[in-house]
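Q: Sharing a structure below in structure tokens format, with a few things to ask.
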Amino acid sequence: MTILVILLLLGGALFLCVSCVGLLRLPDFYTRAHAVGKAETLASLLILLGLALHNGIALSTLKLLLIVVIVAITSPTATHALARAAIRSGLKVWRSPRGHQSHDVAG
Amino acid sequence: MQTLILSIVLLMCLLIAAILYRIAAGPTVFDRAIGAGLIGTNALLMLVLVGFLYDRVEMFVDLALAYAMLNFIGVAALAKYFELRQENPS
């Protein structure tokens, strides 16, 4: 049980690092939203599930699972609303400066 | 377990300091909004972890529940406002 809790917490911390690196390194708002929206949701779910497993059977465990449900619904919705607002206000999508053949995201 | 939770909280403090760079230097306002949302999620997780650290889970879980809804409402309101404003965002 303790091993599983530690694995869940470390996985959540890893995905928080992934979302932060994606926010800092990717070249465009849409790519940043792509990185943050998914990694942030998964990190929240992993950490909250690990803590609920650590807490055992109590009323606060039920509240932790309620936070899991709320985060799983609202976090992708917020990211989607921001991306829709950006594309409606005319923000251009990033293209690679080296032409259409190269698909890497350096920069 | 307490040491692991404390080190994750300290890692989150470093991540928030790194996200603040994107909020300060983001080219558009949407980058700043998504950075603010990410800081809100980090603060939510940090509240629950600090609750386990202080061994007062019941109170901190209620705070985190309110914070999750407020974070969503804030980001959705920002998106709605900057969607209605049609000029080029900066």
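Chain identifiers are assigned as A, B, and so on, following the order in which chains appear in the structure tokens; residues are numbered from 1 within each chain, and ligands are numbered from 1 in order of appearance.
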Could you write out as JSON, numbers by chain the residues of chain A within 6 Å of chain B, counting only C-alpha atoms?
A: {"A": [29, 60, 67, 78, 82, 85, 89]}
Q: Determine, counting only C-alpha atoms, which protein, DNA and RNA residues have an atom within 8 Å of an atom of A:Val71; residues of the same chain fewer than 6 positions away are not included. Present the result as a ChimeraX atom specification.
A: /A:41,44-45 /B:68
Q: Generate the output file for the selected residues, N, CA and C atoms, as a PDB file, in the first residue's frame.
A:
```pdb
ATOM      1  N   THR A  41      -3.757  18.028 -15.515  1.00  0.00           N
ATOM      2  CA  THR A  41      -4.871  17.193 -15.081  1.00  0.00           C
ATOM      3  C   THR A  41      -4.383  15.851 -14.544  1.00  0.00           C
ATOM      4  N   SER A  44      -2.646  16.230 -11.142  1.00  0.00           N
ATOM      5  CA  SER A  44      -3.601  16.431 -10.051  1.00  0.00           C
ATOM      6  C   SER A  44      -4.289  15.120  -9.689  1.00  0.00           C
ATOM      7  N   LEU A  45      -4.693  14.359 -10.707  1.00  0.00           N
ATOM      8  CA  LEU A  45      -5.385  13.097 -10.433  1.00  0.00           C
ATOM      9  C   LEU A  45      -4.463  12.131  -9.702  1.00  0.00           C
TER      10      LEU A  45
ATOM     11  N   ALA B  68     -10.560  24.707  -5.850  1.00  0.00           N
ATOM     12  CA  ALA B  68     -10.688  24.088  -7.171  1.00  0.00           C
ATOM     13  C   ALA B  68     -11.764  24.783  -7.984  1.00  0.00           C
TER      14      ALA B  68
END
```
Q: Considering only C-alpha atoms, return as a PyMOL selection string whatever protein or nucleic-acid residues lie within 12 Å of stretch 51-53 of chain A, sequence-local ones (same chain, fewer than 3 positions apart) excluded.
A: (chain A and resi 1-10+12+44-48+56-68) or (chain B and resi 1-2+4-5+45-53+57+61)
Q: Keeping only N, CA and C atoms, take the residues you just selected and write them out as a compact mmCIF listing (two decimals), in the first residue's frame.
A:
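For reference, result_28.txt as written:
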```
# COMPACT_ATOMS: atom_id res chain seq x y z
N MET A 1 0.82 -1.21 0.00
CA MET A 1 0.00 0.00 0.00
C MET A 1 0.86 1.27 0.00
N THR A 2 1.86 1.26 0.89
CA THR A 2 2.74 2.44 0.97
C THR A 2 3.54 2.62 -0.32
N ILE A 3 3.95 1.48 -0.90
CA ILE A 3 4.69 1.55 -2.17
C ILE A 3 3.83 2.19 -3.24
N LEU A 4 2.54 1.81 -3.29
CA LEU A 4 1.64 2.35 -4.31
C LEU A 4 1.43 3.85 -4.11
N VAL A 5 1.29 4.26 -2.82
CA VAL A 5 1.12 5.70 -2.53
C VAL A 5 2.35 6.48 -2.97
N ILE A 6 3.54 5.95 -2.68
CA ILE A 6 4.78 6.65 -3.06
C ILE A 6 4.90 6.74 -4.57
N LEU A 7 4.52 5.65 -5.28
CA LEU A 7 4.59 5.69 -6.74
C LEU A 7 3.63 6.72 -7.31
N LEU A 8 2.41 6.80 -6.75
CA LEU A 8 1.44 7.77 -7.25
C LEU A 8 1.92 9.20 -7.01
N LEU A 9 2.47 9.46 -5.82
CA LEU A 9 2.94 10.83 -5.52
C LEU A 9 4.11 11.21 -6.41
N LEU A 10 5.05 10.26 -6.62
CA LEU A 10 6.20 10.59 -7.47
C LEU A 10 5.78 10.78 -8.92
N GLY A 12 2.88 11.97 -9.87
CA GLY A 12 2.28 13.30 -9.93
C GLY A 12 3.31 14.40 -9.97
N SER A 44 -2.65 16.23 -11.14
CA SER A 44 -3.60 16.43 -10.05
C SER A 44 -4.29 15.12 -9.69
N LEU A 45 -4.69 14.36 -10.71
CA LEU A 45 -5.38 13.10 -10.43
C LEU A 45 -4.46 12.13 -9.70
N LEU A 46 -3.19 12.03 -10.13
CA LEU A 46 -2.27 11.09 -9.49
C LEU A 46 -2.02 11.46 -8.04
N ILE A 47 -1.74 12.76 -7.77
CA ILE A 47 -1.41 13.16 -6.40
C ILE A 47 -2.62 13.02 -5.49
N LEU A 48 -3.81 13.44 -5.98
CA LEU A 48 -4.99 13.35 -5.12
C LEU A 48 -5.40 11.91 -4.86
N GLY A 56 -6.90 6.51 3.91
CA GLY A 56 -7.73 5.43 4.44
C GLY A 56 -9.21 5.78 4.35
N ILE A 57 -10.02 5.05 5.10
CA ILE A 57 -11.46 5.24 5.02
C ILE A 57 -11.87 6.31 6.02
N ALA A 58 -12.30 7.48 5.48
CA ALA A 58 -12.75 8.59 6.33
C ALA A 58 -13.61 9.50 5.47
N LEU A 59 -14.18 10.52 6.11
CA LEU A 59 -15.00 11.46 5.36
C LEU A 59 -14.14 12.33 4.45
N SER A 60 -12.91 12.65 4.92
CA SER A 60 -12.05 13.50 4.09
C SER A 60 -11.59 12.77 2.84
N THR A 61 -11.54 11.43 2.87
CA THR A 61 -11.24 10.69 1.64
C THR A 61 -12.32 10.91 0.59
N LEU A 62 -13.59 10.94 1.06
CA LEU A 62 -14.69 11.20 0.13
C LEU A 62 -14.57 12.60 -0.47
N LYS A 63 -14.16 13.57 0.36
CA LYS A 63 -13.98 14.93 -0.16
C LYS A 63 -12.82 14.99 -1.15
N LEU A 64 -11.75 14.20 -0.87
CA LEU A 64 -10.63 14.15 -1.81
C LEU A 64 -11.08 13.59 -3.15
N LEU A 65 -11.93 12.54 -3.12
CA LEU A 65 -12.42 11.98 -4.38
C LEU A 65 -13.33 12.98 -5.10
N LEU A 66 -14.05 13.80 -4.32
CA LEU A 66 -14.87 14.85 -4.94
C LEU A 66 -13.99 15.89 -5.63
N ILE A 67 -12.85 16.23 -5.00
CA ILE A 67 -11.91 17.15 -5.66
C ILE A 67 -11.36 16.52 -6.93
N VAL A 68 -11.11 15.19 -6.90
CA VAL A 68 -10.64 14.50 -8.11
C VAL A 68 -11.66 14.66 -9.24
N MET B 1 7.09 9.11 4.86
CA MET B 1 6.01 9.70 4.10
C MET B 1 5.98 11.21 4.27
N GLN B 2 6.23 11.69 5.50
CA GLN B 2 6.26 13.14 5.72
C GLN B 2 7.39 13.80 4.94
N LEU B 4 8.68 12.73 2.11
CA LEU B 4 8.31 12.74 0.69
C LEU B 4 7.34 13.88 0.40
N ILE B 5 6.34 14.05 1.28
CA ILE B 5 5.35 15.12 1.06
C ILE B 5 6.02 16.48 1.14
N LEU B 45 -2.98 21.61 -5.03
CA LEU B 45 -2.29 20.39 -4.59
C LEU B 45 -1.45 20.66 -3.36
N MET B 46 -0.85 21.87 -3.31
CA MET B 46 -0.02 22.21 -2.15
C MET B 46 -0.85 22.33 -0.88
N LEU B 47 -2.09 22.83 -1.01
CA LEU B 47 -2.99 22.90 0.16
C LEU B 47 -3.26 21.51 0.72
N VAL B 48 -3.58 20.55 -0.16
CA VAL B 48 -3.88 19.20 0.33
C VAL B 48 -2.64 18.57 0.96
N LEU B 49 -1.47 18.79 0.31
CA LEU B 49 -0.25 18.19 0.85
C LEU B 49 0.13 18.80 2.19
N VAL B 50 -0.06 20.13 2.34
CA VAL B 50 0.26 20.77 3.61
C VAL B 50 -0.72 20.30 4.70
N GLY B 51 -1.97 20.01 4.29
CA GLY B 51 -2.91 19.43 5.24
C GLY B 51 -2.43 18.09 5.78
N PHE B 52 -1.85 17.25 4.90
CA PHE B 52 -1.29 16.00 5.39
C PHE B 52 -0.06 16.24 6.23
N LEU B 53 0.69 17.29 5.89
CA LEU B 53 1.93 17.58 6.61
C LEU B 53 1.62 18.04 8.04
N VAL B 57 -6.21 17.16 8.04
CA VAL B 57 -6.64 16.97 6.65
C VAL B 57 -8.04 17.55 6.41
N VAL B 61 -8.80 20.04 3.31
CA VAL B 61 -9.52 19.48 2.17
C VAL B 61 -10.71 20.37 1.80
```
Q: Which parts of chain A does DSSP call alpha helix (DSSP H) when run on the backbone here, written out as a ChimeraX atom specification?
A: /A:2-25,29-55,59-88
Q: Need to verify the contact set: A:Leu26, 12 Å, only C-alpha atoms, exclusion of same-chain residues closer than 2 positions in sequence. Can you return it as a ChimeraX atom specification?
A: /A:18-24,28-36,94,96,104-107 /B:22,26,31
Q: Would you mind reading off the distance between atom CA of A:Ala83 and atom CA of A:Pro27, one decimal, in Å?
A: 15.0 Å
